[in-house]
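Structure record follows, encoded as structure tokens.
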Amino acid sequence: MAEERQSTDEQRDEVAEIDEGGPLAEAPDPPDEDAPPLDPEAEARRAAAMSFIRRLGDPILKSSATPVDRFDDSLRRQVSRMAGIMGDAYGVGLAAPQLGLSQRLLVYRVGPDAPVVALANPELEWSSDDQEILDEGCLSIPGITVDVERPVYVRVRALDEEGETRMVEASGLEARVIQHEMDHLNGVLILDRTTRDERKRALRELREAERAREEAA
């Protein structure tokens, strides 16, 4: 799939159209009609977690983050906080810039029983020629998904929260989540990774959702 990039001015204009009323406050993914509703306590935790996450239009989401250079108790607390927000928001990954922090730091967990993995200063060492197009959502652009093509297999070298080298060889969902979160560290969003038609469709859905909320208020 030929990747189409959007100019900075064009993206700024589109963001302005949906951001006039402030940050969008939707669930991170489109609702699953077959899934049971969250209980009030879980819904409250989710709303609180989402309130910390920067949304489309925030400049930090389009900026490259700075390397992590201190591996201390403060960083470990930050990893724990990110993991908690990610879990409460029902996300599978979260990057520090999404919380307004210019750090090359991300966390992810690809299953409810899987451990949370922290990657600081991650570097992509290798990616496969095999690629796959799948829907991706983003906590910073809640309520929409777009088609994104990514390599199926990756090898990433990083540091963990203790400053020790961590090598991750990932495939499938794990590889996709890691690449998605690494994009955040470089100021790249899923809207930059999809086609122009998909991007326009997503932005149109966001505008329509915003109008619906305004009419219901």
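Note on naming: chains are A, B, ... as they come in the structure tokens, residues start from 1 per chain, ligands start from 1 in the order shown.
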
Exercise for review: Identify, with DSSP run on backbone atoms, the residues in region 155-204 of chain A assigned to alpha helix (DSSP H), and express the list as a list in words.
Suggested key: Gly172, Leu173, Glu174, Ala175, Arg176, Val177, Ile178, Gln179, His180, Glu181, Met182, Asp183, His184, Leu185, Arg196, Asp197, Glu198, Arg199, Lys200, Arg201, Ala202, Leu203 and Arg204 of chain A

Contacts of Leu189 (chain A) at 9 Å (only C-alpha atoms; same-chain gap of 2+ positions) as a short mmCIF file (atom, residue, chain, number, x, y, z; two decimals) with N, CA, C and O atoms, in the first residue's frame:
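Result went into result-v5.cif, see below:
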```cif
data_model
loop_
_atom_site.label_atom_id
_atom_site.label_comp_id
_atom_site.auth_asym_id
_atom_site.auth_seq_id
_atom_site.Cartn_x
_atom_site.Cartn_y
_atom_site.Cartn_z
N LEU A 56 -5.49 14.39 19.70
CA LEU A 56 -5.17 14.93 18.39
C LEU A 56 -5.26 16.45 18.41
O LEU A 56 -6.25 17.01 18.85
N LEU A 61 2.22 15.65 20.39
CA LEU A 61 2.00 14.42 19.63
C LEU A 61 2.63 14.48 18.25
O LEU A 61 2.71 13.45 17.56
N LYS A 62 3.09 15.65 17.84
CA LYS A 62 3.75 15.80 16.54
C LYS A 62 5.23 16.14 16.71
O LYS A 62 5.87 16.58 15.76
N CYS A 138 -6.26 4.41 18.49
CA CYS A 138 -5.27 5.14 19.27
C CYS A 138 -5.97 5.85 20.42
O CYS A 138 -7.01 6.49 20.22
N SER A 140 -5.10 8.46 21.75
CA SER A 140 -5.05 9.90 21.51
C SER A 140 -6.01 10.36 20.41
O SER A 140 -6.18 11.55 20.20
N ILE A 141 -6.60 9.40 19.71
CA ILE A 141 -7.62 9.72 18.70
C ILE A 141 -8.78 8.76 18.95
O ILE A 141 -9.07 7.88 18.15
N HIS A 180 3.55 1.00 16.73
CA HIS A 180 2.61 2.10 16.96
C HIS A 180 3.14 3.04 18.04
O HIS A 180 3.15 4.27 17.87
N ASP A 183 6.18 5.01 16.98
CA ASP A 183 5.77 6.15 16.15
C ASP A 183 5.48 7.37 17.02
O ASP A 183 5.84 8.50 16.67
N HIS A 184 4.80 7.16 18.15
CA HIS A 184 4.50 8.28 19.04
C HIS A 184 5.78 8.99 19.50
O HIS A 184 5.78 10.20 19.71
N ASN A 186 8.28 9.54 17.81
CA ASN A 186 8.79 10.31 16.68
C ASN A 186 7.77 11.30 16.13
O ASN A 186 7.95 11.85 15.03
N GLY A 187 6.69 11.52 16.86
CA GLY A 187 5.68 12.49 16.43
C GLY A 187 4.84 12.01 15.27
O GLY A 187 4.32 12.82 14.49
N LEU A 191 -2.90 8.55 11.65
CA LEU A 191 -3.42 9.30 10.51
C LEU A 191 -2.33 9.61 9.50
O LEU A 191 -2.60 9.88 8.33
N ASP A 192 -1.06 9.58 9.94
CA ASP A 192 0.06 9.78 9.04
C ASP A 192 0.46 8.48 8.34
O ASP A 192 1.23 8.51 7.38
N ARG A 193 -0.06 7.37 8.82
CA ARG A 193 0.33 6.05 8.32
C ARG A 193 -0.72 5.43 7.40
O ARG A 193 -0.55 4.30 6.96
#
```

Revision key, fill the gap. From CA of Gly137 (chain A) to CA of Ala202 (chain A) the spacing works out at 10.6 Å

Enumerate, in order of chain and increasing residue number, the residues of region 103-129 of chain A with an atom no farther than 7 Å from region 77-95 of chain A, each with its shortest atom pair and distance in Å to one decimal, counting only C-alpha atoms, as a tab-separated table.
```
residue	atom	partner	partner_atom	distance
A:Leu105	CA	A:Ala95	CA	6.0
A:Leu106	CA	A:Ala95	CA	4.2
A:Val107	CA	A:Leu94	CA	5.5
A:Tyr108	CA	A:Gly93	CA	4.0
A:Arg109	CA	A:Val92	CA	5.3
A:Val110	CA	A:Val92	CA	5.7
A:Val116	CA	A:Ala83	CA	6.9
A:Ala118	CA	A:Val79	CA	6.9
```

Mind writing the picked residues with all heavy atoms as a PDB file, in the first residue's frame?
```pdb
ATOM      1  N   LEU A 105      10.004   6.755  25.886  1.00  0.00           N
ATOM      2  CA  LEU A 105       9.597   5.708  26.817  1.00  0.00           C
ATOM      3  C   LEU A 105       8.203   5.230  26.438  1.00  0.00           C
ATOM      4  O   LEU A 105       7.312   6.045  26.174  1.00  0.00           O
ATOM      5  CB  LEU A 105       9.592   6.258  28.249  1.00  0.00           C
ATOM      6  CG  LEU A 105       9.082   5.330  29.352  1.00  0.00           C
ATOM      7  CD1 LEU A 105      10.031   4.149  29.557  1.00  0.00           C
ATOM      8  CD2 LEU A 105       8.905   6.112  30.663  1.00  0.00           C
ATOM      9  N   LEU A 106       8.019   3.923  26.426  1.00  0.00           N
ATOM     10  CA  LEU A 106       6.710   3.354  26.133  1.00  0.00           C
ATOM     11  C   LEU A 106       6.483   2.127  26.997  1.00  0.00           C
ATOM     12  O   LEU A 106       7.416   1.503  27.490  1.00  0.00           O
ATOM     13  CB  LEU A 106       6.576   3.011  24.647  1.00  0.00           C
ATOM     14  CG  LEU A 106       7.482   1.922  24.078  1.00  0.00           C
ATOM     15  CD1 LEU A 106       6.866   0.523  24.208  1.00  0.00           C
ATOM     16  CD2 LEU A 106       7.801   2.202  22.614  1.00  0.00           C
ATOM     17  N   VAL A 107       5.213   1.812  27.194  1.00  0.00           N
ATOM     18  CA  VAL A 107       4.828   0.573  27.864  1.00  0.00           C
ATOM     19  C   VAL A 107       3.773  -0.108  27.009  1.00  0.00           C
ATOM     20  O   VAL A 107       3.044   0.540  26.261  1.00  0.00           O
ATOM     21  CB  VAL A 107       4.284   0.821  29.285  1.00  0.00           C
ATOM     22  CG1 VAL A 107       5.338   1.460  30.170  1.00  0.00           C
ATOM     23  CG2 VAL A 107       3.021   1.673  29.261  1.00  0.00           C
ATOM     24  N   TYR A 108       3.698  -1.437  27.140  1.00  0.00           N
ATOM     25  CA  TYR A 108       2.649  -2.165  26.434  1.00  0.00           C
ATOM     26  C   TYR A 108       2.367  -3.483  27.130  1.00  0.00           C
ATOM     27  O   TYR A 108       3.194  -4.003  27.892  1.00  0.00           O
ATOM     28  CB  TYR A 108       3.010  -2.400  24.958  1.00  0.00           C
ATOM     29  CG  TYR A 108       4.101  -3.412  24.719  1.00  0.00           C
ATOM     30  CD1 TYR A 108       3.794  -4.758  24.507  1.00  0.00           C
ATOM     31  CD2 TYR A 108       5.436  -3.030  24.686  1.00  0.00           C
ATOM     32  CE1 TYR A 108       4.794  -5.694  24.273  1.00  0.00           C
ATOM     33  CE2 TYR A 108       6.444  -3.960  24.447  1.00  0.00           C
ATOM     34  CZ  TYR A 108       6.118  -5.295  24.246  1.00  0.00           C
ATOM     35  OH  TYR A 108       7.112  -6.221  24.026  1.00  0.00           O
ATOM     36  N   ARG A 109       1.201  -4.010  26.858  1.00  0.00           N
ATOM     37  CA  ARG A 109       0.820  -5.347  27.325  1.00  0.00           C
ATOM     38  C   ARG A 109      -0.170  -5.897  26.322  1.00  0.00           C
ATOM     39  O   ARG A 109      -1.225  -5.300  26.091  1.00  0.00           O
ATOM     40  CB  ARG A 109       0.189  -5.288  28.724  1.00  0.00           C
ATOM     41  CG  ARG A 109      -0.251  -6.665  29.237  1.00  0.00           C
ATOM     42  CD  ARG A 109      -0.644  -6.618  30.698  1.00  0.00           C
ATOM     43  NE  ARG A 109      -1.701  -5.641  30.931  1.00  0.00           N
ATOM     44  CZ  ARG A 109      -2.025  -5.177  32.141  1.00  0.00           C
ATOM     45  NH1 ARG A 109      -1.350  -5.577  33.202  1.00  0.00           N
ATOM     46  NH2 ARG A 109      -2.997  -4.307  32.271  1.00  0.00           N
ATOM     47  N   VAL A 110       0.133  -7.024  25.725  1.00  0.00           N
ATOM     48  CA  VAL A 110      -0.674  -7.524  24.612  1.00  0.00           C
ATOM     49  C   VAL A 110      -1.722  -8.546  25.031  1.00  0.00           C
ATOM     50  O   VAL A 110      -2.439  -9.073  24.192  1.00  0.00           O
ATOM     51  CB  VAL A 110       0.226  -8.125  23.508  1.00  0.00           C
ATOM     52  CG1 VAL A 110       1.082  -7.052  22.877  1.00  0.00           C
ATOM     53  CG2 VAL A 110       1.091  -9.252  24.061  1.00  0.00           C
ATOM     54  N   VAL A 116       3.476  -6.288  31.864  1.00  0.00           N
ATOM     55  CA  VAL A 116       3.707  -4.991  31.233  1.00  0.00           C
ATOM     56  C   VAL A 116       5.184  -4.894  30.865  1.00  0.00           C
ATOM     57  O   VAL A 116       6.051  -5.203  31.680  1.00  0.00           O
ATOM     58  CB  VAL A 116       3.319  -3.837  32.173  1.00  0.00           C
ATOM     59  CG1 VAL A 116       3.728  -2.497  31.575  1.00  0.00           C
ATOM     60  CG2 VAL A 116       1.820  -3.858  32.448  1.00  0.00           C
ATOM     61  N   ALA A 118       8.234  -2.391  29.523  1.00  0.00           N
ATOM     62  CA  ALA A 118       8.663  -1.004  29.349  1.00  0.00           C
ATOM     63  C   ALA A 118       9.874  -0.970  28.433  1.00  0.00           C
ATOM     64  O   ALA A 118      10.810  -1.763  28.596  1.00  0.00           O
ATOM     65  CB  ALA A 118       9.011  -0.371  30.696  1.00  0.00           C
TER      66      ALA A 118
END
```

Practice item. Identify, on the basis of only C-alpha atoms, every residue whose closest approach to region 159-171 of chain A does not exceed 6 Å; exclude the query and any residue fewer than 5 positions from it along the same chain; express the result as a ChimeraX atom specification. Key: /A:71,76,118-120,152-154

Revision key, fill the gap. Shortest contact to Val177 (chain A), candidates A:Arg157, A:Arg45, A:Arg150, A:Arg201, atoms counted only C-alpha atoms, goes to A:Arg150

Practice item. To one decimal in Å, tell me the separation between CA of Ile144 (chain A) and CA of Leu206 (chain A). Key: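 Value for the CA of Ile144 (chain A)-CA of Leu206 (chain A) distance: 7.5 Å.
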
Revision key, fill the gap. Shortest contact to Ala96 (chain A), candidates A:Lys200, A:Arg155, A:Arg54, A:Arg211, atoms counted only C-alpha atoms, goes to A:Arg54
